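K.L.:
Have a peek at entry-v9.tsv (TSV, C-alpha atoms).
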```
chain	number	residue	atom	x	y	z
K	1261	MET	CA	-18.43	16.72	-6.35
K	1262	ALA	CA	-17.17	18.25	-9.59
K	1263	GLU	CA	-19.44	18.11	-12.60
K	1264	SER	CA	-17.73	17.00	-15.77
K	1265	PRO	CA	-19.06	18.23	-19.13
K	1266	ALA	CA	-17.86	15.05	-20.80
K	1267	ALA	CA	-19.71	11.77	-20.47
K	1268	PRO	CA	-18.70	10.01	-17.29
K	1269	SER	CA	-16.57	6.96	-17.36
K	1270	GLU	CA	-17.94	3.67	-16.14
K	1271	GLU	CA	-15.65	4.02	-13.13
K	1272	GLU	CA	-17.15	7.40	-12.21
K	1273	VAL	CA	-20.67	6.00	-12.44
K	1274	ARG	CA	-19.73	3.06	-10.23
K	1275	ARG	CA	-18.10	5.37	-7.70
K	1276	LEU	CA	-21.16	7.59	-7.56
K	1277	LEU	CA	-23.43	4.57	-7.12
K	1278	MET	CA	-21.22	3.23	-4.35
K	1279	VAL	CA	-21.17	6.60	-2.53
K	1280	TYR	CA	-24.95	6.90	-2.92
K	1281	GLN	CA	-25.50	3.42	-1.48
K	1282	GLN	CA	-23.22	4.22	1.44
K	1283	TYR	CA	-25.16	7.42	2.16
K	1284	GLN	CA	-28.40	5.48	1.90
K	1285	ALA	CA	-27.21	2.88	4.44
K	1286	GLU	CA	-26.06	5.64	6.81
K	1287	ALA	CA	-29.42	7.42	6.49
K	1288	GLU	CA	-31.33	4.21	7.25
K	1289	ALA	CA	-29.16	3.57	10.33
K	1290	ILE	CA	-29.76	7.13	11.56
K	1291	VAL	CA	-33.52	6.77	11.08
K	1292	ARG	CA	-33.46	3.57	13.14
K	1293	GLN	CA	-31.42	5.30	15.86
K	1294	LEU	CA	-33.84	8.23	15.90
K	1295	GLY	CA	-36.69	5.78	16.43
K	1296	LEU	CA	-34.89	4.26	19.41
K	1297	PHE	CA	-34.21	7.71	20.84
K	1298	GLN	CA	-37.89	8.59	20.48
K	1299	LEU	CA	-38.89	5.44	22.36
K	1300	SER	CA	-36.43	6.34	25.13
K	1301	VAL	CA	-37.79	9.89	25.36
K	1302	GLU	CA	-41.32	8.49	25.63
K	1303	GLY	CA	-40.10	6.11	28.35
K	1304	CYS	CA	-38.64	9.05	30.29
K	1305	GLU	CA	-41.90	10.95	29.97
K	1306	LYS	CA	-43.90	7.96	31.27
K	1307	ALA	CA	-41.50	7.53	34.19
K	1308	LEU	CA	-41.73	11.23	35.04
K	1309	LYS	CA	-45.54	11.05	35.05
K	1310	ALA	CA	-45.40	7.99	37.29
K	1311	VAL	CA	-43.06	9.70	39.78
K	1312	GLU	CA	-45.28	12.80	39.81
K	1313	ALA	CA	-48.37	10.65	40.37
K	1314	MET	CA	-46.59	8.79	43.15
K	1315	GLU	CA	-45.74	12.06	44.89
K	1316	THR	CA	-49.44	12.95	45.18
K	1317	ALA	CA	-50.42	9.49	46.46
K	1318	GLU	CA	-50.58	8.47	50.11
K	1319	ASP	CA	-48.36	5.85	51.75
K	1320	GLY	CA	-50.23	2.54	51.75
K	1321	GLN	CA	-52.45	3.58	48.86
K	1322	GLU	CA	-53.43	0.80	46.48
K	1323	MET	CA	-52.64	1.41	42.84
K	1324	LEU	CA	-52.20	-0.22	39.47
K	1325	VAL	CA	-48.60	-0.40	38.28
K	1326	HIS	CA	-47.95	-0.61	34.56
K	1327	ILE	CA	-45.66	-3.52	33.71
K	1328	GLY	CA	-45.65	-3.08	29.93
K	1329	GLN	CA	-47.71	-4.25	26.98
K	1330	ASP	CA	-50.85	-2.63	28.43
K	1331	SER	CA	-50.60	-4.89	31.50
K	1332	PHE	CA	-50.85	-3.85	35.12
K	1333	ILE	CA	-50.45	-5.32	38.59
K	1334	HIS	CA	-52.08	-4.31	41.86
K	1335	ALA	CA	-49.64	-2.82	44.37
K	1336	LYS	CA	-49.53	-0.85	47.60
K	1337	LEU	CA	-47.30	2.18	47.88
K	1338	THR	CA	-45.06	1.60	50.87
K	1339	THR	CA	-43.12	4.85	50.49
K	1340	LYS	CA	-43.35	7.73	48.08
K	1341	ASP	CA	-39.99	9.15	49.04
K	1342	LYS	CA	-37.76	6.74	47.11
K	1343	VAL	CA	-37.56	5.71	43.47
K	1344	ILE	CA	-35.27	3.12	41.89
K	1345	VAL	CA	-33.81	4.56	38.70
K	1346	GLY	CA	-31.87	2.72	36.01
K	1347	VAL	CA	-28.49	4.32	35.35
K	1348	GLY	CA	-27.36	2.05	32.52
K	1349	ALA	CA	-25.66	-1.29	31.99
K	1350	GLY	CA	-28.40	-3.03	33.98
K	1351	VAL	CA	-27.57	-1.01	37.11
K	1352	SER	CA	-30.26	0.76	39.14
K	1353	ILE	CA	-29.92	3.00	42.17
K	1354	GLU	CA	-32.33	4.32	44.75
K	1355	LYS	CA	-32.96	8.07	44.64
K	1356	SER	CA	-35.35	10.52	46.18
K	1357	ALA	CA	-38.35	11.40	44.01
K	1358	ALA	CA	-36.83	14.82	43.30
K	1359	GLU	CA	-33.48	13.30	42.31
K	1360	ALA	CA	-35.26	10.75	40.12
K	1361	LYS	CA	-37.18	13.49	38.32
K	1362	GLU	CA	-33.96	15.45	37.85
K	1363	SER	CA	-32.19	12.38	36.42
K	1364	LEU	CA	-35.08	11.56	34.10
K	1365	ASN	CA	-35.34	15.15	32.86
K	1366	LYS	CA	-31.57	15.25	32.28
K	1367	ARG	CA	-31.71	11.97	30.35
K	1368	LYS	CA	-34.65	13.24	28.30
K	1369	THR	CA	-32.73	16.44	27.47
K	1370	GLN	CA	-29.63	14.47	26.45
K	1371	LEU	CA	-31.72	12.22	24.20
K	1372	SER	CA	-33.41	15.23	22.61
K	1373	GLU	CA	-30.06	16.93	21.98
K	1374	ALA	CA	-28.62	13.76	20.46
K	1375	SER	CA	-31.71	13.43	18.27
K	1376	GLY	CA	-31.23	16.99	17.07
K	1377	LYS	CA	-27.62	16.27	16.10
K	1378	LEU	CA	-28.64	13.08	14.32
K	1379	ASN	CA	-31.35	14.98	12.44
K	1380	GLN	CA	-28.74	17.51	11.30
K	1381	THR	CA	-26.49	14.69	10.11
K	1382	LEU	CA	-29.41	13.05	8.32
K	1383	SER	CA	-30.22	16.33	6.61
K	1384	LYS	CA	-26.62	16.68	5.37
K	1385	ILE	CA	-26.64	13.10	4.07
K	1386	GLU	CA	-29.93	13.71	2.28
K	1387	GLN	CA	-28.45	16.84	0.68
K	1388	GLU	CA	-25.46	14.86	-0.56
K	1389	MET	CA	-27.77	12.15	-1.89
K	1390	GLY	CA	-29.73	14.84	-3.71
K	1391	LYS	CA	-26.53	16.15	-5.31
K	1392	ILE	CA	-25.64	12.65	-6.47
K	1393	GLN	CA	-29.14	12.16	-7.88
K	1394	SER	CA	-28.82	15.46	-9.75
K	1395	ILE	CA	-25.45	14.45	-11.20
K	1396	ALA	CA	-26.82	11.03	-12.13
K	1397	ALA	CA	-29.76	12.67	-13.90
K	1398	LYS	CA	-27.34	14.81	-15.93
K	1399	TYR	CA	-25.28	11.73	-16.79
K	1400	GLU	CA	-28.41	9.88	-17.82
K	1401	GLN	CA	-29.43	12.81	-20.00
K	1402	GLN	CA	-25.98	12.80	-21.65
K	1403	PHE	CA	-26.26	9.07	-22.34
K	1404	SER	CA	-29.69	9.45	-23.93
K	1405	GLU	CA	-28.51	12.14	-26.35
```
In C-alpha coordinates, how does this file's structure come out?
P.N.:
Amino acid sequence: MAESPAAPSEEEVRRLLMVYQQYQAEAEAIVRQLGLFQLSVEGCEKALKAVEAMETAEDGQEMLVHIGQDSFIHAKLTTKDKVIVGVGAGVSIEKSAAEAKESLNKRKTQLSEASGKLNQTLSKIEQEMGKIQSIAAKYEQQFSE
(Lines of atoms letter the chains of each structure in order from A and count residues from 1; the text may use other names and numbers.)
(Lines give C-alpha, C1' and ligand atoms only; values in the text may rest on other atoms or scores of the structure.)
Protein backbone atom coordinates (compact mmCIF):
# COMPACT_ATOMS: atom_id res chain seq x y z
CA MET A 1 0.00 0.00 0.00
CA ALA A 2 1.56 3.27 -1.13
CA GLU A 3 1.88 6.04 1.40
CA SER A 4 0.76 9.42 0.14
CA PRO A 5 2.34 12.56 1.61
CA ALA A 6 -0.85 14.50 0.97
CA ALA A 7 -3.90 14.14 3.18
CA PRO A 8 -5.96 11.16 2.11
CA SER A 9 -9.23 11.59 0.40
CA GLU A 10 -12.40 10.41 2.05
CA GLU A 11 -12.51 7.62 -0.53
CA GLU A 12 -9.04 6.40 0.44
CA VAL A 13 -9.99 6.35 4.12
CA ARG A 14 -13.15 4.38 3.36
CA ARG A 15 -11.20 1.92 1.22
CA LEU A 16 -8.65 1.37 3.96
CA LEU A 17 -11.39 0.86 6.53
CA MET A 18 -13.15 -1.62 4.26
CA VAL A 19 -9.93 -3.59 3.63
CA TYR A 20 -9.15 -3.58 7.36
CA GLN A 21 -12.62 -4.90 8.20
CA GLN A 22 -12.28 -7.62 5.58
CA TYR A 23 -8.92 -8.68 7.04
CA GLN A 24 -10.44 -8.64 10.50
CA ALA A 25 -13.31 -10.92 9.41
CA GLU A 26 -10.85 -13.30 7.72
CA ALA A 27 -8.67 -13.40 10.84
CA GLU A 28 -11.67 -14.19 13.06
CA ALA A 29 -12.75 -17.01 10.71
CA ILE A 30 -9.22 -18.46 10.75
CA VAL A 31 -9.10 -18.33 14.55
CA ARG A 32 -12.40 -20.23 14.70
CA GLN A 33 -11.10 -22.81 12.22
CA LEU A 34 -7.90 -23.23 14.24
CA GLY A 35 -10.02 -23.91 17.32
CA LEU A 36 -11.92 -26.63 15.46
CA PHE A 37 -8.67 -28.15 14.22
CA GLN A 38 -7.33 -28.20 17.78
CA LEU A 39 -10.45 -30.01 18.99
CA SER A 40 -10.02 -32.56 16.19
CA VAL A 41 -6.35 -33.10 17.07
CA GLU A 42 -7.33 -33.65 20.70
CA GLY A 43 -10.00 -36.12 19.55
CA CYS A 44 -7.38 -38.04 17.55
CA GLU A 45 -5.09 -38.14 20.58
CA LYS A 46 -7.88 -39.48 22.80
CA ALA A 47 -8.78 -42.12 20.22
CA LEU A 48 -5.13 -43.17 19.90
CA LYS A 49 -4.86 -43.55 23.69
CA ALA A 50 -8.04 -45.62 23.72
CA VAL A 51 -6.77 -47.94 20.97
CA GLU A 52 -3.44 -48.34 22.77
CA ALA A 53 -5.23 -49.10 26.05
CA MET A 54 -7.45 -51.60 24.26
CA GLU A 55 -4.42 -53.41 22.86
CA THR A 56 -3.12 -54.10 26.37
CA ALA A 57 -6.51 -55.30 27.65
CA GLU A 58 -7.71 -58.89 27.60
CA ASP A 59 -10.67 -60.18 25.59
CA GLY A 60 -13.73 -60.21 27.85
CA GLN A 61 -12.26 -57.60 30.18
CA GLU A 62 -14.76 -55.20 31.71
CA MET A 63 -14.03 -51.53 31.19
CA LEU A 64 -15.49 -48.06 31.27
CA VAL A 65 -16.03 -46.51 27.85
CA HIS A 66 -16.09 -42.74 27.57
CA ILE A 67 -19.20 -41.53 25.75
CA GLY A 68 -18.53 -37.79 26.03
CA GLN A 69 -19.27 -35.00 28.49
CA ASP A 70 -17.38 -36.83 31.26
CA SER A 71 -19.83 -39.75 31.01
CA PHE A 72 -18.98 -43.43 30.79
CA ILE A 73 -20.70 -46.76 30.26
CA HIS A 74 -19.70 -50.22 31.44
CA ALA A 75 -18.67 -52.55 28.62
CA LYS A 76 -16.92 -55.85 27.96
CA LEU A 77 -14.20 -56.05 25.36
CA THR A 78 -15.23 -58.78 22.94
CA THR A 79 -12.22 -58.36 20.66
CA LYS A 80 -9.19 -56.13 20.74
CA ASP A 81 -8.24 -56.82 17.15
CA LYS A 82 -10.79 -54.57 15.44
CA VAL A 83 -11.61 -50.88 15.70
CA ILE A 84 -14.36 -48.95 13.91
CA VAL A 85 -12.92 -45.71 12.57
CA GLY A 86 -14.81 -42.76 11.14
CA VAL A 87 -13.59 -41.85 7.66
CA GLY A 88 -15.80 -38.81 7.08
CA ALA A 89 -19.29 -37.96 5.87
CA GLY A 90 -20.80 -40.12 8.61
CA VAL A 91 -19.09 -43.25 7.25
CA SER A 92 -17.13 -45.61 9.51
CA ILE A 93 -15.14 -48.70 8.61
CA GLU A 94 -13.69 -51.57 10.59
CA LYS A 95 -9.89 -51.70 10.75
CA SER A 96 -7.28 -53.59 12.67
CA ALA A 97 -5.91 -51.77 15.72
CA ALA A 98 -2.66 -51.08 13.86
CA GLU A 99 -4.51 -49.69 10.83
CA ALA A 100 -6.69 -47.57 13.10
CA LYS A 101 -3.64 -46.09 14.83
CA GLU A 102 -2.05 -45.41 11.44
CA SER A 103 -5.22 -43.66 10.21
CA LEU A 104 -5.54 -41.60 13.38
CA ASN A 105 -1.88 -40.57 13.30
CA LYS A 106 -2.20 -39.63 9.62
CA ARG A 107 -5.32 -37.56 10.34
CA LYS A 108 -3.59 -35.88 13.27
CA THR A 109 -0.59 -35.02 11.06
CA GLN A 110 -2.86 -33.60 8.34
CA LEU A 111 -4.70 -31.46 10.89
CA SER A 112 -1.42 -30.19 12.33
CA GLU A 113 -0.10 -29.32 8.86
CA ALA A 114 -3.32 -27.52 7.98
CA SER A 115 -3.14 -25.62 11.27
CA GLY A 116 0.39 -24.56 10.46
CA LYS A 117 -0.69 -23.20 7.08
CA LEU A 118 -3.63 -21.38 8.65
CA ASN A 119 -1.31 -19.87 11.26
CA GLN A 120 0.96 -18.60 8.46
CA THR A 121 -2.03 -17.06 6.70
CA LEU A 122 -3.20 -15.49 9.96
CA SER A 123 0.25 -14.03 10.51
CA LYS A 124 0.24 -12.45 7.03
CA ILE A 125 -3.23 -11.00 7.61
CA GLU A 126 -2.12 -9.57 10.95
CA GLN A 127 0.90 -7.98 9.24
CA GLU A 128 -1.35 -6.36 6.65
CA MET A 129 -3.67 -5.14 9.39
CA GLY A 130 -0.67 -3.65 11.16
CA LYS A 131 0.34 -1.81 7.98
CA ILE A 132 -3.16 -0.40 7.64
CA GLN A 133 -3.14 0.68 11.29
CA SER A 134 0.20 2.41 10.74
CA ILE A 135 -1.12 4.24 7.67
CA ALA A 136 -4.28 5.19 9.54
CA ALA A 137 -2.20 6.58 12.40
CA LYS A 138 -0.25 8.73 9.92
CA TYR A 139 -3.49 9.93 8.36
CA GLU A 140 -4.89 10.74 11.78
CA GLN A 141 -1.74 12.67 12.61
CA GLN A 142 -2.06 14.65 9.36
CA PHE A 143 -5.68 15.49 10.17
CA SER A 144 -4.80 16.71 13.66
CA GLU A 145 -2.13 19.10 12.37
K.L.:
Just checking: using all atoms listed in the file, which residue out of K:Met1278, K:His1326, K:Asp1319, K:Leu1308 ends up closest to K:Glu1359?
P.N.:
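Once distances to K:Glu1359 are computed over all atoms listed in the file, the minimum belongs to K:Leu1308.
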K.L.:
Can you work out which one of K:Val1311, K:Glu1373, K:Met1323, K:Glu1286 has the shortest atom-to-atom distance to K:Val1345, counting only C-alpha atoms?
P.N.:
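Checking each of K:Val1311, K:Glu1373, K:Met1323, K:Glu1286 against K:Val1345, counting only C-alpha atoms, the winner is K:Val1311.
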K.L.:
Can you work out the spacing between atom CA of K:Asn1379 and atom CA of K:Ile1290 in Å, to one decimal?
P.N.:
8.1 Å
K.L.:
Can you write out as CSV which residues of stretch 1275-1314 of chain K fall within 12 Å of stretch 1392-1400 of chain K, alongside each residue's closest atom pair and its distance in Å to one decimal, counting only C-alpha atoms and ordering rows by chain and ascending residue number?
P.N.:
```
residue,atom,partner,partner_atom,distance
K:Arg1275,CA,K:Ile1392,CA,10.6
K:Leu1276,CA,K:Ile1392,CA,6.8
K:Leu1277,CA,K:Ile1392,CA,8.4
K:Met1278,CA,K:Ile1392,CA,10.6
K:Val1279,CA,K:Ile1392,CA,8.5
K:Tyr1280,CA,K:Ile1392,CA,6.8
K:Gln1281,CA,K:Ile1392,CA,10.5
K:Gln1282,CA,K:Ile1392,CA,11.8
K:Tyr1283,CA,K:Ile1392,CA,10.1
K:Gln1284,CA,K:Ile1392,CA,11.4
```
K.L.:
What's the separation between atom CA of K:Val1273 and atom CA of K:Thr1381, in Å to one decimal place?
P.N.:
24.9 Å
K.L.:
Please supply stretch 1273-1300 of chain K, rebuilt with N, CA and C atoms, as a PDB file, in the coordinates of the input.
P.N.:
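After the write, result.pdb holds the following:
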```pdb
ATOM      1  N   VAL K1273     -19.289   6.392 -12.722  1.00  0.00           N
ATOM      2  CA  VAL K1273     -20.670   6.000 -12.440  1.00  0.00           C
ATOM      3  C   VAL K1273     -20.697   4.998 -11.293  1.00  0.00           C
ATOM      4  N   ARG K1274     -19.801   4.046 -11.310  1.00  0.00           N
ATOM      5  CA  ARG K1274     -19.730   3.060 -10.230  1.00  0.00           C
ATOM      6  C   ARG K1274     -19.415   3.726  -8.889  1.00  0.00           C
ATOM      7  N   ARG K1275     -18.483   4.662  -8.921  1.00  0.00           N
ATOM      8  CA  ARG K1275     -18.100   5.370  -7.700  1.00  0.00           C
ATOM      9  C   ARG K1275     -19.292   6.150  -7.135  1.00  0.00           C
ATOM     10  N   LEU K1276     -19.993   6.851  -8.011  1.00  0.00           N
ATOM     11  CA  LEU K1276     -21.160   7.590  -7.560  1.00  0.00           C
ATOM     12  C   LEU K1276     -22.223   6.659  -6.964  1.00  0.00           C
ATOM     13  N   LEU K1277     -22.445   5.538  -7.612  1.00  0.00           N
ATOM     14  CA  LEU K1277     -23.430   4.570  -7.120  1.00  0.00           C
ATOM     15  C   LEU K1277     -23.004   4.034  -5.763  1.00  0.00           C
ATOM     16  N   MET K1278     -21.731   3.748  -5.605  1.00  0.00           N
ATOM     17  CA  MET K1278     -21.220   3.230  -4.350  1.00  0.00           C
ATOM     18  C   MET K1278     -21.376   4.279  -3.229  1.00  0.00           C
ATOM     19  N   VAL K1279     -21.043   5.526  -3.515  1.00  0.00           N
ATOM     20  CA  VAL K1279     -21.170   6.600  -2.530  1.00  0.00           C
ATOM     21  C   VAL K1279     -22.644   6.780  -2.155  1.00  0.00           C
ATOM     22  N   TYR K1280     -23.514   6.747  -3.156  1.00  0.00           N
ATOM     23  CA  TYR K1280     -24.950   6.900  -2.920  1.00  0.00           C
ATOM     24  C   TYR K1280     -25.468   5.781  -2.007  1.00  0.00           C
ATOM     25  N   GLN K1281     -25.060   4.563  -2.290  1.00  0.00           N
ATOM     26  CA  GLN K1281     -25.500   3.420  -1.480  1.00  0.00           C
ATOM     27  C   GLN K1281     -24.985   3.531  -0.043  1.00  0.00           C
ATOM     28  N   GLN K1282     -23.774   4.032   0.098  1.00  0.00           N
ATOM     29  CA  GLN K1282     -23.220   4.220   1.440  1.00  0.00           C
ATOM     30  C   GLN K1282     -24.034   5.272   2.198  1.00  0.00           C
ATOM     31  N   TYR K1283     -24.334   6.389   1.539  1.00  0.00           N
ATOM     32  CA  TYR K1283     -25.160   7.420   2.160  1.00  0.00           C
ATOM     33  C   TYR K1283     -26.533   6.853   2.536  1.00  0.00           C
ATOM     34  N   GLN K1284     -27.087   6.060   1.657  1.00  0.00           N
ATOM     35  CA  GLN K1284     -28.400   5.480   1.900  1.00  0.00           C
ATOM     36  C   GLN K1284     -28.376   4.573   3.143  1.00  0.00           C
ATOM     37  N   ALA K1285     -27.344   3.760   3.272  1.00  0.00           N
ATOM     38  CA  ALA K1285     -27.210   2.880   4.440  1.00  0.00           C
ATOM     39  C   ALA K1285     -27.042   3.712   5.717  1.00  0.00           C
ATOM     40  N   GLU K1286     -26.248   4.774   5.645  1.00  0.00           N
ATOM     41  CA  GLU K1286     -26.060   5.640   6.810  1.00  0.00           C
ATOM     42  C   GLU K1286     -27.381   6.307   7.197  1.00  0.00           C
ATOM     43  N   ALA K1287     -28.128   6.767   6.218  1.00  0.00           N
ATOM     44  CA  ALA K1287     -29.420   7.420   6.490  1.00  0.00           C
ATOM     45  C   ALA K1287     -30.385   6.440   7.146  1.00  0.00           C
ATOM     46  N   GLU K1288     -30.435   5.216   6.665  1.00  0.00           N
ATOM     47  CA  GLU K1288     -31.330   4.210   7.250  1.00  0.00           C
ATOM     48  C   GLU K1288     -30.930   3.905   8.697  1.00  0.00           C
ATOM     49  N   ALA K1289     -29.629   3.830   8.971  1.00  0.00           N
ATOM     50  CA  ALA K1289     -29.160   3.570  10.330  1.00  0.00           C
ATOM     51  C   ALA K1289     -29.529   4.734  11.254  1.00  0.00           C
ATOM     52  N   ILE K1290     -29.409   5.951  10.760  1.00  0.00           N
ATOM     53  CA  ILE K1290     -29.760   7.130  11.560  1.00  0.00           C
ATOM     54  C   ILE K1290     -31.254   7.140  11.854  1.00  0.00           C
ATOM     55  N   VAL K1291     -32.069   6.805  10.867  1.00  0.00           N
ATOM     56  CA  VAL K1291     -33.520   6.770  11.080  1.00  0.00           C
ATOM     57  C   VAL K1291     -33.876   5.734  12.149  1.00  0.00           C
ATOM     58  N   ARG K1292     -33.217   4.587  12.112  1.00  0.00           N
ATOM     59  CA  ARG K1292     -33.460   3.570  13.140  1.00  0.00           C
ATOM     60  C   ARG K1292     -33.051   4.091  14.525  1.00  0.00           C
ATOM     61  N   GLN K1293     -31.901   4.749  14.591  1.00  0.00           N
ATOM     62  CA  GLN K1293     -31.420   5.300  15.860  1.00  0.00           C
ATOM     63  C   GLN K1293     -32.373   6.368  16.375  1.00  0.00           C
ATOM     64  N   LEU K1294     -32.883   7.206  15.487  1.00  0.00           N
ATOM     65  CA  LEU K1294     -33.840   8.230  15.900  1.00  0.00           C
ATOM     66  C   LEU K1294     -35.099   7.596  16.478  1.00  0.00           C
ATOM     67  N   GLY K1295     -35.534   6.493  15.905  1.00  0.00           N
ATOM     68  CA  GLY K1295     -36.690   5.780  16.430  1.00  0.00           C
ATOM     69  C   GLY K1295     -36.441   5.267  17.839  1.00  0.00           C
ATOM     70  N   LEU K1296     -35.250   4.739  18.062  1.00  0.00           N
ATOM     71  CA  LEU K1296     -34.890   4.260  19.410  1.00  0.00           C
ATOM     72  C   LEU K1296     -34.820   5.415  20.404  1.00  0.00           C
ATOM     73  N   PHE K1297     -34.270   6.541  19.969  1.00  0.00           N
ATOM     74  CA  PHE K1297     -34.210   7.710  20.840  1.00  0.00           C
ATOM     75  C   PHE K1297     -35.614   8.167  21.207  1.00  0.00           C
ATOM     76  N   GLN K1298     -36.519   8.166  20.215  1.00  0.00           N
ATOM     77  CA  GLN K1298     -37.890   8.590  20.480  1.00  0.00           C
ATOM     78  C   GLN K1298     -38.556   7.675  21.502  1.00  0.00           C
ATOM     79  N   LEU K1299     -38.339   6.384  21.369  1.00  0.00           N
ATOM     80  CA  LEU K1299     -38.890   5.440  22.360  1.00  0.00           C
ATOM     81  C   LEU K1299     -38.330   5.716  23.751  1.00  0.00           C
ATOM     82  N   SER K1300     -37.054   6.038  23.833  1.00  0.00           N
ATOM     83  CA  SER K1300     -36.430   6.340  25.130  1.00  0.00           C
ATOM     84  C   SER K1300     -36.988   7.629  25.721  1.00  0.00           C
TER      85      SER K1300
END
```
